[in-house]
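Accompanying notes for the structure given below.
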Amino acid sequence: MPVVDPSLNPLTDADPAEVEPTRRPRRRPARTDLLALGAYVLLGVFVCLNYWGDVNGRVSSHLPTDHSWFEWLFAHGAYSVRHLENPLFTARQNAPDGVNMMANTSLLGVTLPLAPLTMLLGPQVMYALYLGAALAATAGTGYWMLSRHLVRSRAAAFVGGAFLGFAPGIIHHANGQPNFVSNFLLPLIVVRVLTLAEPGRWRRNGLVLGALVAYQIFINEEMLLLTALACLVIVLAYAVQRPRATRAAAGTFLAGLGVAGGLALVLTAYPIWFQFNGPQSYRGLQGGVFHNWGEDLVAFVTFARDTWAGDPAVEKTIGLTEQNTWFGWPLVLLSLVALVLLVRRSLAARIVAVLIVVFSVAAIGPWVRFNGVETDIPGPWSYVSDDLPLVEMMMPTRLTLVVAAAVGVLLALTWDAVYRQGRPVADRPRVPAQRAGDAAPAASDDEPAEPAAARRRWLRPVGYAAVALAVLPLFPRPLPAQQIDPPPHFITAGGWRPYVPAGRTLVPVPIPSNVHGLPTLRWSALTGQEFAVPGGYFIGPNELGEGVFGAPNRPTSSLIYSTMDKGAVPALTDENRRQAIEDLRFWRASVVVLGGHPREAVLRELVTGLIGPPQRVDDVWVWDVRPLVG
């Protein structure tokens with residue numbers, strides 16, 4: 001099993017057990033590390049710059065509903081801490097049924113620890129603050145992993161860490177999905193997996209890995225699954241290339257893995273049980289909606305929209321995707337050249353090559369897509385059943401997030417290889433004499449390497465320039481943001497309080513859903529979830545127990561949505577009015593509220609026709625329905 005060793009030269013094929021460094025690696029000055037982290041923080045602030053222009057009034061223009069959902073999640077974390085409620089479930093959305101937070105992207109590992117800051121700053125500020133911090137933290141832990149365990153050049157580690165934290169696919173997810181940029185634990189998890197075979201420390205390493213895995217479950221289970229698959233491929237690739245070392249370390253590795261799995265299970269047993277068996281849990285998604293979403297082959301060489309070289313018009317050709325690769329042709333070309341040059345003498349490069357090939361192919365999906373056209377060529381997922389556990393919930397294109405991470409490591413290896421050109425032999429690890437069947441040492445003190453190295457020094461500027469030309473076009477732009485109408489003063493000033501007694505709900509119009517009601521979903525978040533609302537933006541069970549987006553529509557919510565779409569009130573019947581009262585009783589409503597809305601006039605006419613005339617209170621229309629529903 002692989003043992004990560006900072007003294008290991010990634011350009012040599014010598015067995016890790018045979019490498020004897022002449023001295024301990026030079027200590028990295030703390031100042032250099034702080035400069036790297038500072039640069040990542042500044043880049044995180046830059047990416048979120050458009051939000052900070054009006055942090056309370058702007059949301060992602062790419063995924064505005066997701067943006068509002070995560071604001072709501074920060075408010076949920078603060079509400080759970082403040083009221084000492086079970087954070088795994090909430091009744092503040094989808095009243096009266098509630099939402100299983102473990103069965104949704106809930107980010108509990110972030111929102112609960114940051115609850116005091118959310119109470120102080122509000123969910124909008126907390127969202128923007130955390131988004132930039134998560135990007136920077138992921139780059140920072142990537143830098144730590146590379147600089148301490150894989151490369152000697154701090155500049156190489158900086159470039160690789162920057163790509164791990166700010167790759168085009170990660171930046172694209174930053175448009176409303178901070179759970180996919182919260183990857184700061186993943187480099188630490190990979191390091192701990194690769195050190196499980198360290199002699200004499202399997203208990204400690206297993207305990208640390210188990211704690212990290214348990215915590216990651218409360219941040220993003222999908223990214224944890226992708227990391228686990230990547231680690232499996234890494235270990236298998238290592239075992240094939242180092243069978244002797246693998247056999248020697250297998251017992252220690254498996255013992256450490258058992259400790260890690262046992263601790264993670266103990267720490268997460270109840271939350272995971274709650275996720276699959278608690279109230280509002282579900283089994284799979286209706287129709288396997290994610291299963292067919294594969295990566296377009298042209299996307300690999302296309303510049304992502306949110307990079308300096310990107311063009312939003314390309315999305316119309318390839319189609320709107322998550323842009324998990326979108327590396328651009330210069331980086332793809334550099335990666336191919338780097339792999340050709342490095343794989344012969346670098347074990348790490350060979351493992352990276354395996355990761356790139358395996359996960360690129362797997363990400364194609366059930367059918368090959370080329371430049372926005374789905375061909376009749378079957379992809380790997382056409383041979384995989386939709387009903388397999390975990391597979392039914394996976395989106396093939398997201399497998400390329402592993403490819404992005406592998407490319408980040410490859411960039412670090414490439415820069416480090418260039419950095420080593422022309423270095424004195426004395427600065428390199430000493431490799432013992434060649435044994436039968438072993439690869440030739442990269443260099444030794446018995447070889448006249450110095451003149452050859454001096455002749456190759458010109459390769460440094462060429463190599464650095466090649467890396468820079470490949471990654472600079474991918475420098476991120478500030479995330480696009482759009483203005484959103486402020487919530488009604490009636491809501492923010494607490495004018496609703498006399499209308500909503502304990503145990504009752506406020507019904508906003510339109511009712512929040514995954515399509516409609518984005519502003520009204522934010523009402524709950526911006527008031528600290530002090531009132532419950534029907535509907536919402538989440539995944540919950542349908543009548544068959546399958547996961548669906550949003551609450552099953554009631555007749556009245558369907559009528560509201562169709563009226564909004566048509567822009568005209570249909571002829572209302574007594575059955576419509578009877579059903580409206582029944583739905584209000586089901587929602588345990590005490591008041592219906594309509595604020596400013598592009599369809600305000602037609603919505604007011606509709607609700608008036610269903611339950612009677614409203615009152616104008618502050619800046620909203622109010623229907624006090626307590627006399628109607630009892």
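By order in the structure tokens, chains are A, B, ...; within a chain, residues start at 1; ligands start at 1, following the order shown.
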Quiz item: Using only C-alpha atoms, which residues sit within 10 Å of region 542-557 of chain A once same-chain residues fewer than 3 positions away are excluded, as a PyMOL selection string?
Solution: chain A and resi 93-95+97-99+103+280-289+393+509-515+534-539+560-563+576-584+586-587+607+610
Write to file, as an mmCIF file, in the first residue's frame, the residues of the selection just made, with C-alpha atoms.
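Contents of again.cif, as written:
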data_model
loop_
_atom_site.group_PDB
_atom_site.id
_atom_site.type_symbol
_atom_site.label_atom_id
_atom_site.label_comp_id
_atom_site.auth_asym_id
_atom_site.auth_seq_id
_atom_site.Cartn_x
_atom_site.Cartn_y
_atom_site.Cartn_z
ATOM 1 C CA GLN A 93 -40.307 24.204 5.464
ATOM 2 C CA ASN A 94 -42.831 21.907 3.764
ATOM 3 C CA ALA A 95 -45.307 22.343 6.615
ATOM 4 C CA ASP A 97 -44.700 17.266 6.820
ATOM 5 C CA GLY A 98 -41.265 18.845 7.184
ATOM 6 C CA VAL A 99 -37.940 18.015 5.524
ATOM 7 C CA ALA A 103 -31.674 13.208 2.995
ATOM 8 C CA GLN A 280 -39.556 12.216 4.946
ATOM 9 C CA SER A 281 -36.828 9.826 3.813
ATOM 10 C CA TYR A 282 -36.973 8.335 0.317
ATOM 11 C CA ARG A 283 -35.451 5.602 -1.844
ATOM 12 C CA GLY A 284 -33.758 6.861 -4.998
ATOM 13 C CA LEU A 285 -34.922 9.638 -7.284
ATOM 14 C CA GLN A 286 -38.002 9.345 -9.456
ATOM 15 C CA GLY A 287 -36.950 8.329 -12.948
ATOM 16 C CA GLY A 288 -33.220 8.374 -12.115
ATOM 17 C CA VAL A 289 -33.073 12.001 -13.237
ATOM 18 C CA MET A 393 -28.283 8.917 -7.240
ATOM 19 C CA VAL A 509 -47.963 33.664 -2.356
ATOM 20 C CA PRO A 510 -46.608 32.179 -4.518
ATOM 21 C CA ILE A 511 -45.956 29.095 -2.414
ATOM 22 C CA PRO A 512 -42.217 28.220 -2.441
ATOM 23 C CA SER A 513 -41.194 25.469 -4.842
ATOM 24 C CA ASN A 514 -38.226 24.427 -6.939
ATOM 25 C CA VAL A 515 -39.644 26.493 -9.829
ATOM 26 C CA PRO A 534 -45.676 25.166 3.164
ATOM 27 C CA GLY A 535 -43.870 23.928 0.087
ATOM 28 C CA GLY A 536 -40.195 24.669 -0.377
ATOM 29 C CA TYR A 537 -37.057 23.675 -2.242
ATOM 30 C CA PHE A 538 -35.878 20.214 -1.190
ATOM 31 C CA ILE A 539 -36.092 16.518 -2.056
ATOM 32 C CA ILE A 560 -51.525 29.413 -8.246
ATOM 33 C CA TYR A 561 -48.663 28.234 -10.451
ATOM 34 C CA SER A 562 -50.824 27.813 -13.566
ATOM 35 C CA THR A 563 -52.328 31.266 -13.044
ATOM 36 C CA ASN A 576 -61.852 25.468 -6.184
ATOM 37 C CA ARG A 577 -62.951 27.454 -3.127
ATOM 38 C CA ARG A 578 -63.680 24.340 -1.094
ATOM 39 C CA GLN A 579 -60.310 22.863 -2.012
ATOM 40 C CA ALA A 580 -58.558 26.105 -1.078
ATOM 41 C CA ILE A 581 -60.005 25.952 2.443
ATOM 42 C CA GLU A 582 -59.064 22.276 2.717
ATOM 43 C CA ASP A 583 -55.502 23.001 1.599
ATOM 44 C CA LEU A 584 -55.184 25.863 4.093
ATOM 45 C CA PHE A 586 -53.758 20.924 5.708
ATOM 46 C CA TRP A 587 -51.016 23.578 5.811
ATOM 47 C CA VAL A 607 -56.632 34.541 -3.938
ATOM 48 C CA LEU A 610 -60.803 31.807 -3.555
#
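As for CA of Ala128 (chain A) and CA of Glu221 (chain A), they are spaced 22.3 Å apart.
For the pair CA of Ser80 (chain A) and CA of Arg588 (chain A), the interatomic distance is 21.8 Å.
Residue neighbourhood of region 491-498 of chain A, excluding near-sequence residues (fewer than 4 positions): Pro487, Trp523 and Thr527 of chain A, at 7 Å, using only C-alpha atoms.
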Quiz item: Could you pull the residues within 7 Å of Ala214 (chain A), counting only C-alpha atoms, minus those fewer than 2 positions along the same chain, as an MDAnalysis selection string?
Solution: chainID A and resid 210:212 216:217 264 267:268
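For the residues A:Asn175, A:Asn205, A:Ser68, A:Thr118, ranking by smallest atom-to-atom distance to Arg477 (chain A) using only C-alpha atoms places A:Asn175 first.
Here the question is which of A:Tyr464, A:Phe327, A:Trp381, A:Trp415 gets nearest to Trp293 (chain A) using only C-alpha atoms, and that residue is A:Trp381.
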Exercise. Show which residues sit within 12 Å of Pro613 (chain A), as a ChimeraX atom specification. Count only C-alpha atoms, and ignore same-chain residues fewer than 3 positions away.
Key: /A:592,604-610,616,621-625
Just to be explicit: take each residue in the selection above, keep N, CA, C and O atoms, and write the result as a tab-separated table (two decimals), in the first residue's frame.
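part-v1.tsv, freshly written:
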chain	number	residue	atom	x	y	z
A	592	VAL	N	-52.40	34.30	4.95
A	592	VAL	CA	-51.86	34.25	3.59
A	592	VAL	C	-51.33	35.63	3.26
A	592	VAL	O	-52.01	36.64	3.49
A	604	ARG	N	-53.42	38.48	-6.66
A	604	ARG	CA	-54.38	39.03	-5.69
A	604	ARG	C	-55.81	38.74	-6.13
A	604	ARG	O	-56.67	38.40	-5.30
A	605	GLU	N	-56.06	38.85	-7.43
A	605	GLU	CA	-57.40	38.54	-7.94
A	605	GLU	C	-57.73	37.06	-7.70
A	605	GLU	O	-58.86	36.73	-7.31
A	606	LEU	N	-56.76	36.18	-7.91
A	606	LEU	CA	-57.00	34.75	-7.73
A	606	LEU	C	-57.30	34.43	-6.27
A	606	LEU	O	-58.31	33.77	-5.97
A	607	VAL	N	-56.44	34.87	-5.35
A	607	VAL	CA	-56.63	34.54	-3.94
A	607	VAL	C	-57.92	35.17	-3.41
A	607	VAL	O	-58.65	34.57	-2.61
A	608	THR	N	-58.24	36.39	-3.88
A	608	THR	CA	-59.50	37.03	-3.47
A	608	THR	C	-60.69	36.20	-3.92
A	608	THR	O	-61.67	36.01	-3.18
A	609	GLY	N	-60.61	35.68	-5.14
A	609	GLY	CA	-61.71	34.85	-5.64
A	609	GLY	C	-61.85	33.55	-4.88
A	609	GLY	O	-62.93	32.96	-4.85
A	610	LEU	N	-60.75	33.07	-4.27
A	610	LEU	CA	-60.80	31.81	-3.56
A	610	LEU	C	-61.24	31.96	-2.11
A	610	LEU	O	-62.04	31.15	-1.60
A	616	ARG	N	-54.81	45.55	3.29
A	616	ARG	CA	-53.47	46.07	3.00
A	616	ARG	C	-52.81	46.41	4.33
A	616	ARG	O	-53.27	47.29	5.06
A	621	TRP	N	-50.36	42.42	0.97
A	621	TRP	CA	-51.77	42.06	1.08
A	621	TRP	C	-51.89	40.87	2.02
A	621	TRP	O	-51.14	39.90	1.91
A	622	VAL	N	-52.82	40.94	2.95
A	622	VAL	CA	-52.94	39.95	4.01
A	622	VAL	C	-54.36	39.38	4.02
A	622	VAL	O	-55.34	40.13	4.01
A	623	TRP	N	-54.43	38.05	4.08
A	623	TRP	CA	-55.70	37.35	4.27
A	623	TRP	C	-55.60	36.60	5.60
A	623	TRP	O	-54.85	35.62	5.71
A	624	ASP	N	-56.29	37.06	6.59
A	624	ASP	CA	-56.32	36.36	7.88
A	624	ASP	C	-57.33	35.23	7.75
A	624	ASP	O	-58.55	35.46	7.73
A	625	VAL	N	-56.83	33.99	7.67
A	625	VAL	CA	-57.70	32.85	7.36
A	625	VAL	C	-58.07	32.06	8.60
A	625	VAL	O	-58.69	30.99	8.49
Practice problem: Grab the CA of Gly278 (chain A) to CA of Ala115 (chain A) distance for me, in Å with one decimal place. | Solution: 24.1 Å
Practice problem: Enumerate the residues of region 31-127 of chain A with a DSSP assignment of strand (DSSP E), computed from the backbone, and present them as a ChimeraX atom specification. | Solution: /A:58-60,89-90,99-100
Export, as an mmCIF file, in the first residue's frame, the selected residues with C-alpha atoms.
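Wrote again.cif, looks like this:
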data_model
loop_
_atom_site.group_PDB
_atom_site.id
_atom_site.type_symbol
_atom_site.label_atom_id
_atom_site.label_comp_id
_atom_site.auth_asym_id
_atom_site.auth_seq_id
_atom_site.Cartn_x
_atom_site.Cartn_y
_atom_site.Cartn_z
ATOM 1 C CA ARG A 58 -27.900 39.846 -4.841
ATOM 2 C CA VAL A 59 -28.032 36.139 -5.570
ATOM 3 C CA SER A 60 -26.395 33.882 -8.132
ATOM 4 C CA PHE A 89 -35.101 17.359 10.565
ATOM 5 C CA THR A 90 -37.001 20.610 10.188
ATOM 6 C CA VAL A 99 -37.940 18.015 5.524
ATOM 7 C CA ASN A 100 -35.406 15.290 6.277
#
Practice problem: Can you list, as a PyMOL selection string, all residues belonging to region 342-590 of chain A that DSSP tags as alpha helix (DSSP H)? | Solution: chain A and resi 342+347-362+400-420+449-455+459-471+489-492+518-526+555-566+574-586
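If you count only C-alpha atoms and ignore residues fewer than 2 places along the chain from Pro480 (chain A), what sits within 12 Å of it is Phe46, Val47, Cys48, Leu49, Asn50, Tyr51, Trp52, Gly53, Arg58, Val59, Ser60, Ser61, His62, Leu63, Pro64, Ile171, His172, Ala174, Asn175, Gly176, Arg305, Asp306, Thr307, Pro312, Pro476, Arg477, Pro478, Gln482 and Gln483 of chain A.
The closest residue to Arg82 (chain A), picked from A:Pro187, A:Pro508, A:Pro396, A:Gly528 and counting only C-alpha atoms, is A:Gly528.
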Quiz item: For Ala75 (chain A), which residue among A:Ser590, A:Gln323, A:Asn371, A:Thr111 is the nearest when counting only C-alpha atoms?
Solution: A:Thr111
